[in-house]
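**Student:** One structure follows; several queries about it will come next.
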Amino acid sequence: MANYTLNINGKKQQIDVDPTTPMLWVLRDHIKLVGTKFGCGIAQCGACTIHLGDNAVRSCQLPISAVGDQKITTIEGLSENGDHPVQQAWLEIDVPQCGYCQAGQIMSASALLKRTPNPTDEEIETAMNGNICRCGTYTRIKKAIKTAANSENA
Amino acid sequence: MTQIKTQYNRRSFIKVSAAAGGGMLIGFSWLNGCKPNSKEIAAGLPVPKEWFDINGYIKIGDTGLVTIFSPNPEIGQNVRTSMPMIVAEELEVPWENVVVEQAPLNTGFYQNQFAGGSLSIRLSWNALRMAGATGKRMLMEAAAKEWGLQVDEVTASEGVIKENNGTRSVGYGEIAAKAVGIEIPEEVTLKNVNDFKLIGTDVKNVDGKKIVTGQPLFGLDFQREGMKLAMIQHPPAFGMQLVDFNEDEIKNMPGISDAFIIDTTIAEPGMFDEVGFKKLVAIVGDSTWQLMQAKKALKVNWETTSELENSELHIQRLEEALVSGEVEETRTDGDPEAAFKKAAKVIERTYSAPFIAHNTLEPMNFFANVTDTAAELIGPTQTPEALEGSVAKLLNLPLENITVNMTRIGGGFGRRLYVHFGLEAAAISKKIGGPVKLIYSREDDMTQGTYRPTYRSVYKAGLDENNTLIAFSVKGAGLTEGPVFVNRFPAGTVDNYLAQRIKVATNITTGAWRAPRSNFTAGAEQAFLDEVAELAGKDPIDFRLELFERAIKNPVGEKNEYEAERYAGVLKLVKEKANWGEAKQGVHRGVAAYFCHSTYVAEIFDIVMKNDKPVIAKVWCAADCGIVVNKDGAKNMLEGGIIDGIGHGTYSQLTFENGAPKQMNFDTYQLIRNSQVPKEIEVFFVDNDIDPTGLGEPGLPPAIGALANALYKATGQRHYHQPFNLEKQIIG
């Protein structure tokens, strides 16, 4: 076990865990932030996507010992009132079916728009190919990303 | 307007009220996700100080806020929005004033509390309408009584009751207290479907905000003070059984509080009970990561109890069964043998599909808290009633001492019709004497079984010299069920017809997977008909319409399951919308239509070639599912079904070696991804006032056939065996 001080959603958090513990389980089991989802455990489905700094990363493959003082943002901290342009677009297009993958989708999409404010279809596909939606809401996901891009540029 | 018996009497509502008084219905809120959040209540209605229980579906707050209980499990089919919409329509309450809560399992009041067979709306349509209409009637009676009027002298609309010949009016919130004591009407009037204001509109998912902000909604998110976590280890192969394991070593690992063997065998198992892995290792601890480490350190002795099968053996068994297997169901019209002999042209093709896993993105999990006298279960189940019954048997407890509450469910697809994970959680909780949440890893989930069976079918058609279909036969085998529906299309459209269904044994466990049997049969049959139409020199839509014409005018046989006019209707609609027949440079088109879950769906796929690769530019979809409750939600369902069909028809398969699945996670098991889906999907509905039919499943089956047919036009290659292409990604 080891002690870590993390910066999660703008708050300092003290955690005492095994250094190999992935951030996914630090968030879910220890900090009780369960918006970040478990899907595969091997960085293949994207359900556990969070932001490390400005980058979308798979938290199931990110050991707590590798985080250091980098800022972590989870779906709960993406916006204060759930009104990030990507979240708003998701509601406008009414993307979710079961909803389980959507937090990860939104974290990938918001990181994409931060670095590429006007993504092409191909850029969207490349950025989002790591996020599985088992219900098949992909066409709505694309539409929502474009909606968010347009609203951010307006 | 329809007069309808409520089938409710005073007693049934007293029962509900008693349940409510006991804390079951009112104030049920074990997760924040189930509580109406005051900030989110639209229209600025304040949170009520007092709630009044109108009936088991409706409670009304003193501010006019209305809670509608959604009875069925929510697996992504959006019933938590559409079921309450039906109640709200008949209750005459503005949707902005409605909050939705998940009802717990209550077999004494609600009927059909399950998510399966695309039946939620279909089976509860009348009950939900009556619940709303009964509530409205009671509120109207209460207002009329206050004003000294008869009930037919008042009108209810938009949550307000007005006297017809006067100026008095009262809101539902103000009169609700007085409605509680009103005698339950034994007959109520339902609205004319043409007067629907809410049904048929686009209503957004009631949980949308909570989903996009990561609020705890799912079984995996459930927390309880003092709760332990647990994981299981099942045998690595079908045909193996647990003997023992390094218990002491595992118990001494960091964060592990207990490790033991559980056995979920029950007397007289039902259709949703586990038939494969019942004896498992259970490990209990405080953190998922530590449990995962303990699982890695497991040293288990397994014994082989039956044959360890390979995929090659499965294919061999299917091929043999098609020659000499025992036919479990058959239909014969006319004399197919003689007709094939005299046919001018005969075509025969074989189709197959592999085992596939459900792979709900939320792995199996369940919370259980078992004491000596009672059991509480909370989690993602499509069949809470089956779970309750099986847990009662496992724990030897009376049904009334078991409560089951449903969380939002991260995908169903049939996987959560099966209740073993709930039983496993209960067995673990009983052993440790406290609350526990069981979590499957993805590997546990994907290798547990309950798969879509593997299928193989042979289709044969005979045309006469005028290119009229005079003979048709299909013989289909599957492990563990044959894929043929003997009374479905093209039964009824051809004089000489033979359909045979053959079952083959395996120790791989199988189960219902979204649109069981149809998920394979539609693709095979519709791809075959495309070849038959080509052989006849006819347009594939015209060819099908000719067959339906026959079934409309002079159907063969009497047991045909479909209505030929509605079947033809969706084909005509999609043909018109897509301008079928109008050649477009570089666009290659394929069509398919299918009937299942009482719904008719036709799809046209437009494929274009890009860098020598086929890309699905657009999918056109027409559906006849009767009255559409939530239009945009319904479109979402069909879009998802189409993408699911493309994905599993193209990419996914499970293969076996020595009884063990070779694919255990998403690195080797391919699911469709963002770049592989159609660039556009457009959905149209046949406008009618028939009671709603299924929608969760029917979008999927025709997609595989329409894709195969469009791929043929684009590449010249026919596809007979799913998945169509594993090595080369053909889409995107």
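Labels for the structure tokens follow display order: chains A, B, ..., residues from 1 in each chain, ligands from 1.
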Would you mind listing what lies within 8 Å of range 77-94 of chain A as a JSON list (two decimals) with N, CA, C and O atoms, in the first residue's frame, with only C-alpha atoms counted and same-chain residues fewer than 6 positions away left out?

**Tutor:**
[["chain", "number", "residue", "atom", "x", "y", "z"],
["A", 9, "ASN", "N", -11.19, 16.11, -10.43],
["A", 9, "ASN", "CA", -12.28, 17.08, -10.64],
["A", 9, "ASN", "C", -12.06, 18.35, -9.81],
["A", 9, "ASN", "O", -12.99, 18.88, -9.21],
["A", 10, "GLY", "N", -10.79, 18.77, -9.76],
["A", 10, "GLY", "CA", -10.46, 20.02, -9.07],
["A", 10, "GLY", "C", -10.36, 19.90, -7.56],
["A", 10, "GLY", "O", -10.14, 20.89, -6.87],
["A", 106, "ILE", "N", -18.64, 10.31, -24.03],
["A", 106, "ILE", "CA", -18.63, 11.77, -23.84],
["A", 106, "ILE", "C", -17.22, 12.25, -23.47],
["A", 106, "ILE", "O", -16.77, 13.30, -23.96],
["A", 107, "MET", "N", -16.51, 11.47, -22.66],
["A", 107, "MET", "CA", -15.14, 11.87, -22.29],
["A", 107, "MET", "C", -14.22, 11.83, -23.52],
["A", 107, "MET", "O", -13.39, 12.71, -23.70],
["A", 109, "ALA", "N", -15.24, 12.18, -26.67],
["A", 109, "ALA", "CA", -15.70, 13.24, -27.58],
["A", 109, "ALA", "C", -15.25, 14.61, -27.11],
["A", 109, "ALA", "O", -14.81, 15.45, -27.92],
["A", 110, "SER", "N", -15.31, 14.85, -25.80],
["A", 110, "SER", "CA", -14.94, 16.19, -25.31],
["A", 110, "SER", "C", -13.43, 16.41, -25.44],
["A", 110, "SER", "O", -13.00, 17.53, -25.73],
["A", 140, "ARG", "N", -25.90, 8.40, -33.83],
["A", 140, "ARG", "CA", -26.29, 9.54, -32.98],
["A", 140, "ARG", "C", -25.08, 10.15, -32.29],
["A", 140, "ARG", "O", -25.02, 11.37, -32.07],
["A", 141, "ILE", "N", -24.13, 9.32, -31.92],
["A", 141, "ILE", "CA", -22.91, 9.83, -31.29],
["A", 141, "ILE", "C", -22.21, 10.80, -32.25],
["A", 141, "ILE", "O", -21.82, 11.91, -31.87],
["A", 143, "LYS", "N", -23.54, 12.43, -34.74],
["A", 143, "LYS", "CA", -24.38, 13.62, -34.91],
["A", 143, "LYS", "C", -24.22, 14.57, -33.71],
["A", 143, "LYS", "O", -24.11, 15.78, -33.86],
["A", 144, "ALA", "N", -24.16, 14.00, -32.52],
["A", 144, "ALA", "CA", -24.04, 14.82, -31.31],
["A", 144, "ALA", "C", -22.68, 15.52, -31.26],
["A", 144, "ALA", "O", -22.59, 16.68, -30.84],
["A", 145, "ILE", "N", -21.64, 14.84, -31.72],
["A", 145, "ILE", "CA", -20.31, 15.48, -31.73],
["A", 145, "ILE", "C", -20.32, 16.68, -32.68],
["A", 145, "ILE", "O", -19.79, 17.75, -32.36],
["A", 147, "THR", "N", -22.97, 18.39, -33.53],
["A", 147, "THR", "CA", -23.82, 19.41, -32.89],
["A", 147, "THR", "C", -23.02, 20.19, -31.85],
["A", 147, "THR", "O", -23.10, 21.42, -31.79],
["A", 148, "ALA", "N", -22.25, 19.47, -31.04],
["A", 148, "ALA", "CA", -21.44, 20.13, -30.01],
["A", 148, "ALA", "C", -20.39, 21.03, -30.65],
["A", 148, "ALA", "O", -20.14, 22.14, -30.19],
["A", 151, "SER", "N", -22.04, 24.16, -31.80],
["A", 151, "SER", "CA", -22.48, 25.05, -30.72],
["A", 151, "SER", "C", -21.28, 25.74, -30.08],
["A", 151, "SER", "O", -21.37, 26.87, -29.65],
["A", 152, "GLU", "N", -20.15, 25.02, -30.03],
["A", 152, "GLU", "CA", -18.97, 25.63, -29.43],
["A", 152, "GLU", "C", -18.39, 26.74, -30.31],
["A", 152, "GLU", "O", -17.78, 27.67, -29.82],
["B", 204, "LYS", "N", -37.87, 12.86, -24.88],
["B", 204, "LYS", "CA", -36.48, 12.51, -24.55],
["B", 204, "LYS", "C", -36.41, 11.55, -23.36],
["B", 204, "LYS", "O", -37.27, 11.57, -22.48],
["B", 205, "ASN", "N", -35.36, 10.73, -23.37],
["B", 205, "ASN", "CA", -35.10, 9.76, -22.32],
["B", 205, "ASN", "C", -35.17, 10.43, -20.94],
["B", 205, "ASN", "O", -34.45, 11.39, -20.68],
["B", 208, "GLY", "N", -31.86, 10.82, -19.28],
["B", 208, "GLY", "CA", -30.79, 11.39, -20.10],
["B", 208, "GLY", "C", -29.78, 12.19, -19.30],
["B", 208, "GLY", "O", -28.57, 11.97, -19.40],
["B", 209, "LYS", "N", -30.26, 13.10, -18.49],
["B", 209, "LYS", "CA", -29.36, 13.98, -17.73],
["B", 209, "LYS", "C", -28.48, 13.17, -16.78],
["B", 209, "LYS", "O", -27.28, 13.44, -16.62],
["B", 212, "VAL", "N", -25.74, 11.33, -18.83],
["B", 212, "VAL", "CA", -24.62, 12.14, -19.37],
["B", 212, "VAL", "C", -23.80, 12.82, -18.28],
["B", 212, "VAL", "O", -22.74, 13.38, -18.56],
["B", 213, "THR", "N", -24.28, 12.75, -17.04],
["B", 213, "THR", "CA", -23.48, 13.32, -15.94],
["B", 213, "THR", "C", -22.89, 12.24, -15.04],
["B", 213, "THR", "O", -22.29, 12.54, -14.01]]

**Student:** Based on only C-alpha atoms, which of the residues in chain A come within 7 Å of chain B? I want them as a ChimeraX atom specification.

**Tutor:** /A:21,25,29,34-35,39-40,44,75-76,82,87,91,94,97-100,102-103,125,128-129,132,134-139

**Student:** Quick check for you: according to DSSP on this backbone, which residues of range 110-305 of chain B are classed as helix (DSSP H, G or I)? Reply as a ChimeraX atom specification.

**Tutor:** /B:120-147,151-153,172-179,193-195,208-212,219-221,247-251,288-296

**Student:** Can I get the selection written as a short mmCIF file (atom, residue, chain, number, x, y, z; two decimals), in the first residue's frame, with C-alpha atoms?

**Tutor:**
data_model
loop_
_atom_site.label_atom_id
_atom_site.label_comp_id
_atom_site.auth_asym_id
_atom_site.auth_seq_id
_atom_site.Cartn_x
_atom_site.Cartn_y
_atom_site.Cartn_z
CA SER B 120 -43.08 -4.71 -22.58
CA ILE B 121 -45.31 -2.22 -24.37
CA ARG B 122 -47.34 -4.83 -26.19
CA LEU B 123 -48.40 -6.68 -23.04
CA SER B 124 -48.88 -3.64 -20.83
CA TRP B 125 -50.52 -1.27 -23.32
CA ASN B 126 -54.01 -1.75 -21.89
CA ALA B 127 -52.92 -1.94 -18.25
CA LEU B 128 -50.96 1.32 -18.54
CA ARG B 129 -53.80 3.10 -20.31
CA MET B 130 -56.25 1.90 -17.68
CA ALA B 131 -53.97 2.98 -14.86
CA GLY B 132 -53.92 6.51 -16.29
CA ALA B 133 -57.62 6.56 -17.13
CA THR B 134 -58.54 5.24 -13.67
CA GLY B 135 -56.45 7.92 -12.00
CA LYS B 136 -58.03 10.66 -14.11
CA ARG B 137 -61.51 9.37 -13.36
CA MET B 138 -60.87 9.33 -9.60
CA LEU B 139 -59.55 12.90 -9.67
CA MET B 140 -62.57 14.00 -11.70
CA GLU B 141 -64.95 12.31 -9.29
CA ALA B 142 -63.26 13.99 -6.34
CA ALA B 143 -63.57 17.42 -7.99
CA ALA B 144 -67.19 16.81 -9.02
CA LYS B 145 -68.04 15.79 -5.46
CA GLU B 146 -66.44 18.96 -4.08
CA TRP B 147 -68.51 21.10 -6.40
CA VAL B 151 -68.63 13.42 -12.93
CA ASP B 152 -69.79 14.00 -16.50
CA GLU B 153 -70.15 17.70 -15.71
CA TYR B 172 -54.52 17.66 -9.75
CA GLY B 173 -52.21 18.55 -6.87
CA GLU B 174 -54.97 20.37 -5.01
CA ILE B 175 -57.60 17.64 -5.42
CA ALA B 176 -55.33 14.57 -5.08
CA ALA B 177 -55.88 14.26 -1.31
CA LYS B 178 -59.63 13.94 -1.87
CA ALA B 179 -59.21 11.40 -4.67
CA VAL B 193 -56.31 7.06 -30.29
CA ASN B 194 -56.83 10.03 -32.62
CA ASP B 195 -56.92 12.27 -29.55
CA GLY B 208 -30.79 11.39 -20.10
CA LYS B 209 -29.36 13.98 -17.73
CA LYS B 210 -28.30 11.38 -15.19
CA ILE B 211 -26.65 9.28 -17.90
CA VAL B 212 -24.62 12.14 -19.37
CA GLY B 219 -26.39 -2.40 -10.85
CA LEU B 220 -22.62 -2.11 -10.90
CA ASP B 221 -22.95 1.36 -9.35
CA GLU B 247 -8.53 -21.82 -0.46
CA ASP B 248 -6.02 -21.02 2.30
CA GLU B 249 -3.64 -19.22 -0.02
CA ILE B 250 -6.42 -17.08 -1.50
CA LYS B 251 -7.89 -16.19 1.90
CA THR B 288 -12.37 -5.09 -7.07
CA TRP B 289 -8.69 -4.81 -7.91
CA GLN B 290 -7.67 -7.02 -4.99
CA LEU B 291 -10.34 -9.54 -5.99
CA MET B 292 -8.93 -9.56 -9.52
CA GLN B 293 -5.44 -10.26 -8.16
CA ALA B 294 -6.83 -13.10 -6.06
CA LYS B 295 -8.54 -14.56 -9.12
CA LYS B 296 -5.20 -14.56 -10.92
#

**Student:** List the neighbours of Ala343 in chain B out to 8 Å using only C-alpha atoms; skip same-chain residues closer than 3 positions along the sequence, and give me the result as an NGL selection string.

**Tutor:** :B and (339-340 or 346 or 462-465 or 470-471)

**Student:** Residues near range 48-63 of chain A, anyone? I mean within 7 Å using only C-alpha atoms, not counting same-chain ones fewer than 4 positions away, as a PyMOL selection string.

**Tutor:** chain A and resi 19-24+36-38+41-43+70-74+104+107-108+111

**Student:** Give me the residues within 9 Å of Gln13 in chain A as a list in words, counting only C-alpha atoms and dropping any in the same chain fewer than 3 places off.

**Tutor:**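 Residues near the query, excluding close chain neighbours: Tyr4, Thr5, Leu6, Asn7, Ile8 and Ile31 of chain A.
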
**Student:** Using backbone DSSP assignments, extract all strand (DSSP E) residues from range 33-255 of chain B; output them as number ranges by chain.

**Tutor:** B: 51-55, 58-61, 66-70, 98-102, 154-157, 160-163, 169-171, 187-190, 228-233, 240-245

**Student:** Between CA of Gln663 in chain B and CA of Thr447 in chain B, what is the distance, to one decimal in Å?

**Tutor:**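 CA of Thr447 in chain B lies 8.0 Å from CA of Gln663 in chain B.
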
**Student:** Env of range 386-395 of chain B: 10 Å cut, atoms = only C-alpha atoms, seq-sep filter 3 positions within chain, self excluded. Answer as a JSON list (two decimals) with N, CA, C and O atoms, in the first residue's frame.

**Tutor:**
[["chain", "number", "residue", "atom", "x", "y", "z"],
["B", 105, "LEU", "N", -40.33, -5.25, -8.01],
["B", 105, "LEU", "CA", -41.13, -6.42, -8.40],
["B", 105, "LEU", "C", -42.32, -6.52, -7.45],
["B", 105, "LEU", "O", -42.15, -6.52, -6.23],
["B", 114, "PHE", "N", -41.25, -8.03, -16.96],
["B", 114, "PHE", "CA", -40.01, -8.57, -17.52],
["B", 114, "PHE", "C", -39.68, -7.81, -18.80],
["B", 114, "PHE", "O", -40.53, -7.11, -19.35],
["B", 263, "ASP", "N", -22.67, -23.48, -4.56],
["B", 263, "ASP", "CA", -23.38, -24.37, -5.49],
["B", 263, "ASP", "C", -24.81, -23.82, -5.63],
["B", 263, "ASP", "O", -25.53, -23.70, -4.65],
["B", 264, "THR", "N", -25.16, -23.43, -6.85],
["B", 264, "THR", "CA", -26.47, -22.80, -7.05],
["B", 264, "THR", "C", -27.49, -23.79, -7.64],
["B", 264, "THR", "O", -28.49, -23.37, -8.22],
["B", 265, "THR", "N", -27.24, -25.06, -7.46],
["B", 265, "THR", "CA", -28.20, -26.07, -7.94],
["B", 265, "THR", "C", -29.53, -25.91, -7.19],
["B", 265, "THR", "O", -29.54, -25.77, -5.97],
["B", 266, "ILE", "N", -30.63, -25.89, -7.93],
["B", 266, "ILE", "CA", -31.95, -25.81, -7.29],
["B", 266, "ILE", "C", -32.84, -26.92, -7.83],
["B", 266, "ILE", "O", -32.62, -27.45, -8.91],
["B", 267, "ALA", "N", -33.87, -27.23, -7.05],
["B", 267, "ALA", "CA", -34.84, -28.25, -7.47],
["B", 267, "ALA", "C", -35.71, -27.68, -8.59],
["B", 267, "ALA", "O", -36.03, -26.49, -8.58],
["B", 268, "GLU", "N", -36.08, -28.51, -9.50],
["B", 268, "GLU", "CA", -36.99, -28.16, -10.60],
["B", 268, "GLU", "C", -36.63, -26.81, -11.23],
["B", 268, "GLU", "O", -37.42, -25.86, -11.19],
["B", 269, "PRO", "N", -35.44, -26.72, -11.82],
["B", 269, "PRO", "CA", -35.04, -25.44, -12.44],
["B", 269, "PRO", "C", -35.97, -25.03, -13.58],
["B", 269, "PRO", "O", -36.54, -25.88, -14.26],
["B", 270, "GLY", "N", -36.12, -23.73, -13.75],
["B", 270, "GLY", "CA", -36.97, -23.20, -14.81],
["B", 270, "GLY", "C", -36.15, -22.86, -16.04],
["B", 270, "GLY", "O", -34.93, -23.10, -16.08],
["B", 271, "MET", "N", -36.81, -22.27, -17.04],
["B", 271, "MET", "CA", -36.12, -22.01, -18.31],
["B", 271, "MET", "C", -35.05, -20.92, -18.20],
["B", 271, "MET", "O", -34.20, -20.80, -19.08],
["B", 272, "PHE", "N", -35.07, -20.14, -17.12],
["B", 272, "PHE", "CA", -34.06, -19.09, -16.99],
["B", 272, "PHE", "C", -32.96, -19.45, -15.99],
["B", 272, "PHE", "O", -32.16, -18.62, -15.61],
["B", 273, "ASP", "N", -32.99, -20.71, -15.53],
["B", 273, "ASP", "CA", -31.96, -21.15, -14.59],
["B", 273, "ASP", "C", -30.75, -21.74, -15.31],
["B", 273, "ASP", "O", -30.88, -22.27, -16.41],
["B", 370, "VAL", "N", -28.74, -11.39, 2.30],
["B", 370, "VAL", "CA", -29.54, -12.54, 2.75],
["B", 370, "VAL", "C", -29.39, -12.68, 4.26],
["B", 370, "VAL", "O", -28.27, -12.67, 4.78],
["B", 371, "THR", "N", -30.52, -12.78, 4.93],
["B", 371, "THR", "CA", -30.50, -13.07, 6.37],
["B", 371, "THR", "C", -31.14, -14.44, 6.57],
["B", 371, "THR", "O", -31.49, -15.10, 5.60],
["B", 372, "ASP", "N", -31.32, -14.85, 7.83],
["B", 372, "ASP", "CA", -31.93, -16.16, 8.08],
["B", 372, "ASP", "C", -33.35, -16.24, 7.55],
["B", 372, "ASP", "O", -33.83, -17.30, 7.19],
["B", 373, "THR", "N", -34.01, -15.09, 7.52],
["B", 373, "THR", "CA", -35.44, -15.14, 7.20],
["B", 373, "THR", "C", -35.82, -14.42, 5.91],
["B", 373, "THR", "O", -36.96, -14.54, 5.46],
["B", 374, "ALA", "N", -34.92, -13.65, 5.34],
["B", 374, "ALA", "CA", -35.31, -12.84, 4.18],
["B", 374, "ALA", "C", -34.14, -12.64, 3.24],
["B", 374, "ALA", "O", -32.97, -12.82, 3.60],
["B", 375, "ALA", "N", -34.46, -12.25, 2.01],
["B", 375, "ALA", "CA", -33.43, -11.94, 1.02],
["B", 375, "ALA", "C", -33.83, -10.70, 0.25],
["B", 375, "ALA", "O", -34.98, -10.56, -0.18],
["B", 376, "GLU", "N", -32.85, -9.80, 0.11],
["B", 376, "GLU", "CA", -33.07, -8.58, -0.66],
["B", 376, "GLU", "C", -32.11, -8.63, -1.85],
["B", 376, "GLU", "O", -30.91, -8.83, -1.68],
["B", 377, "LEU", "N", -32.67, -8.47, -3.03],
["B", 377, "LEU", "CA", -31.84, -8.50, -4.24],
["B", 377, "LEU", "C", -32.05, -7.23, -5.04],
["B", 377, "LEU", "O", -33.18, -6.79, -5.25],
["B", 381, "THR", "N", -31.72, -7.21, -13.84],
["B", 381, "THR", "CA", -32.34, -8.45, -14.29],
["B", 381, "THR", "C", -33.48, -8.14, -15.25],
["B", 381, "THR", "O", -34.24, -7.21, -15.02],
["B", 382, "GLN", "N", -33.57, -8.93, -16.31],
["B", 382, "GLN", "CA", -34.70, -8.80, -17.23],
["B", 382, "GLN", "C", -35.92, -9.58, -16.72],
["B", 382, "GLN", "O", -37.01, -9.41, -17.24],
["B", 383, "THR", "N", -35.68, -10.48, -15.76],
["B", 383, "THR", "CA", -36.77, -11.34, -15.27],
["B", 383, "THR", "C", -36.80, -11.38, -13.74],
["B", 383, "THR", "O", -36.44, -12.39, -13.13],
["B", 398, "PRO", "N", -39.83, -18.47, 1.81],
["B", 398, "PRO", "CA", -41.08, -18.19, 1.10],
["B", 398, "PRO", "C", -40.92, -16.97, 0.18],
["B", 398, "PRO", "O", -40.15, -16.05, 0.48],
["B", 399, "LEU", "N", -41.66, -16.98, -0.93],
["B", 399, "LEU", "CA", -41.57, -15.89, -1.91],
["B", 399, "LEU", "C", -41.75, -14.52, -1.28],
["B", 399, "LEU", "O", -41.10, -13.55, -1.65],
["B", 400, "GLU", "N", -42.68, -14.43, -0.31],
["B", 400, "GLU", "CA", -42.99, -13.10, 0.26],
["B", 400, "GLU", "C", -41.84, -12.54, 1.09],
["B", 400, "GLU", "O", -41.85, -11.37, 1.44],
["B", 401, "ASN", "N", -40.86, -13.36, 1.40],
["B", 401, "ASN", "CA", -39.71, -12.86, 2.17],
["B", 401, "ASN", "C", -38.56, -12.42, 1.26],
["B", 401, "ASN", "O", -37.47, -12.14, 1.72],
["B", 402, "ILE", "N", -38.84, -12.38, -0.03],
["B", 402, "ILE", "CA", -37.80, -11.99, -0.98],
["B", 402, "ILE", "C", -38.24, -10.72, -1.71],
["B", 402, "ILE", "O", -39.36, -10.64, -2.20],
["B", 403, "THR", "N", -37.37, -9.73, -1.73],
["B", 403, "THR", "CA", -37.68, -8.53, -2.51],
["B", 403, "THR", "C", -36.66, -8.41, -3.64],
["B", 403, "THR", "O", -35.49, -8.72, -3.47],
["B", 404, "VAL", "N", -37.16, -7.98, -4.79],
["B", 404, "VAL", "CA", -36.27, -7.76, -5.93],
["B", 404, "VAL", "C", -36.50, -6.34, -6.45],
["B", 404, "VAL", "O", -37.65, -5.96, -6.75],
["B", 417, "LEU", "N", -32.10, -12.36, -19.05],
["B", 417, "LEU", "CA", -33.28, -13.18, -18.77],
["B", 417, "LEU", "C", -32.87, -14.29, -17.81],
["B", 417, "LEU", "O", -33.68, -14.82, -17.06],
["B", 418, "TYR", "N", -31.58, -14.64, -17.85],
["B", 418, "TYR", "CA", -31.05, -15.76, -17.07],
["B", 418, "TYR", "C", -30.61, -15.24, -15.72],
["B", 418, "TYR", "O", -30.04, -14.15, -15.63],
["B", 419, "VAL", "N", -30.89, -16.00, -14.68],
["B", 419, "VAL", "CA", -30.83, -15.42, -13.34],
["B", 419, "VAL", "C", -29.66, -15.92, -12.49],
["B", 419, "VAL", "O", -29.57, -15.59, -11.31],
["B", 420, "HIS", "N", -28.74, -16.71, -13.09],
["B", 420, "HIS", "CA", -27.72, -17.35, -12.27],
["B", 420, "HIS", "C", -26.90, -16.37, -11.45],
["B", 420, "HIS", "O", -26.56, -16.64, -10.30],
["B", 421, "PHE", "N", -26.58, -15.19, -12.00],
["B", 421, "PHE", "CA", -25.71, -14.25, -11.27],
["B", 421, "PHE", "C", -26.41, -13.70, -10.02],
["B", 421, "PHE", "O", -25.75, -13.43, -9.02],
["B", 422, "GLY", "N", -27.73, -13.60, -10.06],
["B", 422, "GLY", "CA", -28.49, -13.20, -8.87],
["B", 422, "GLY", "C", -28.44, -14.29, -7.80],
["B", 422, "GLY", "O", -28.27, -14.01, -6.61],
["B", 423, "LEU", "N", -28.56, -15.53, -8.26],
["B", 423, "LEU", "CA", -28.47, -16.67, -7.33],
["B", 423, "LEU", "C", -27.10, -16.77, -6.71],
["B", 423, "LEU", "O", -26.95, -17.05, -5.52],
["B", 424, "GLU", "N", -26.09, -16.52, -7.54],
["B", 424, "GLU", "CA", -24.70, -16.60, -7.03],
["B", 424, "GLU", "C", -24.48, -15.53, -5.95],
["B", 424, "GLU", "O", -23.89, -15.81, -4.90],
["B", 425, "ALA", "N", -25.00, -14.33, -6.21],
["B", 425, "ALA", "CA", -24.87, -13.25, -5.20],
["B", 425, "ALA", "C", -25.58, -13.66, -3.92],
["B", 425, "ALA", "O", -25.06, -13.45, -2.81],
["B", 426, "ALA", "N", -26.75, -14.28, -4.06],
["B", 426, "ALA", "CA", -27.52, -14.70, -2.88],
["B", 426, "ALA", "C", -26.76, -15.78, -2.11],
["B", 426, "ALA", "O", -26.69, -15.74, -0.87],
["B", 427, "ALA", "N", -26.18, -16.72, -2.84],
["B", 427, "ALA", "CA", -25.43, -17.81, -2.18],
["B", 427, "ALA", "C", -24.23, -17.25, -1.42],
["B", 427, "ALA", "O", -23.92, -17.69, -0.30],
["B", 430, "LYS", "N", -25.42, -15.31, 1.71],
["B", 430, "LYS", "CA", -25.84, -16.24, 2.77],
["B", 430, "LYS", "C", -24.62, -16.79, 3.49],
["B", 430, "LYS", "O", -24.59, -16.84, 4.72]]

**Student:** Please report the interatomic distance between CA of Leu91 in chain B and CA of Ser118 in chain B in Å with one decimal.

**Tutor:**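 CA of Ser118 in chain B lies at a distance of 24.9 Å from CA of Leu91 in chain B.
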
**Student:** What is the distance, in Å and to one decimal place, between CA of Pro483 in chain B and CA of Pro702 in chain B?

**Tutor:**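 Computing it gives 14.9 Å between the two atoms.
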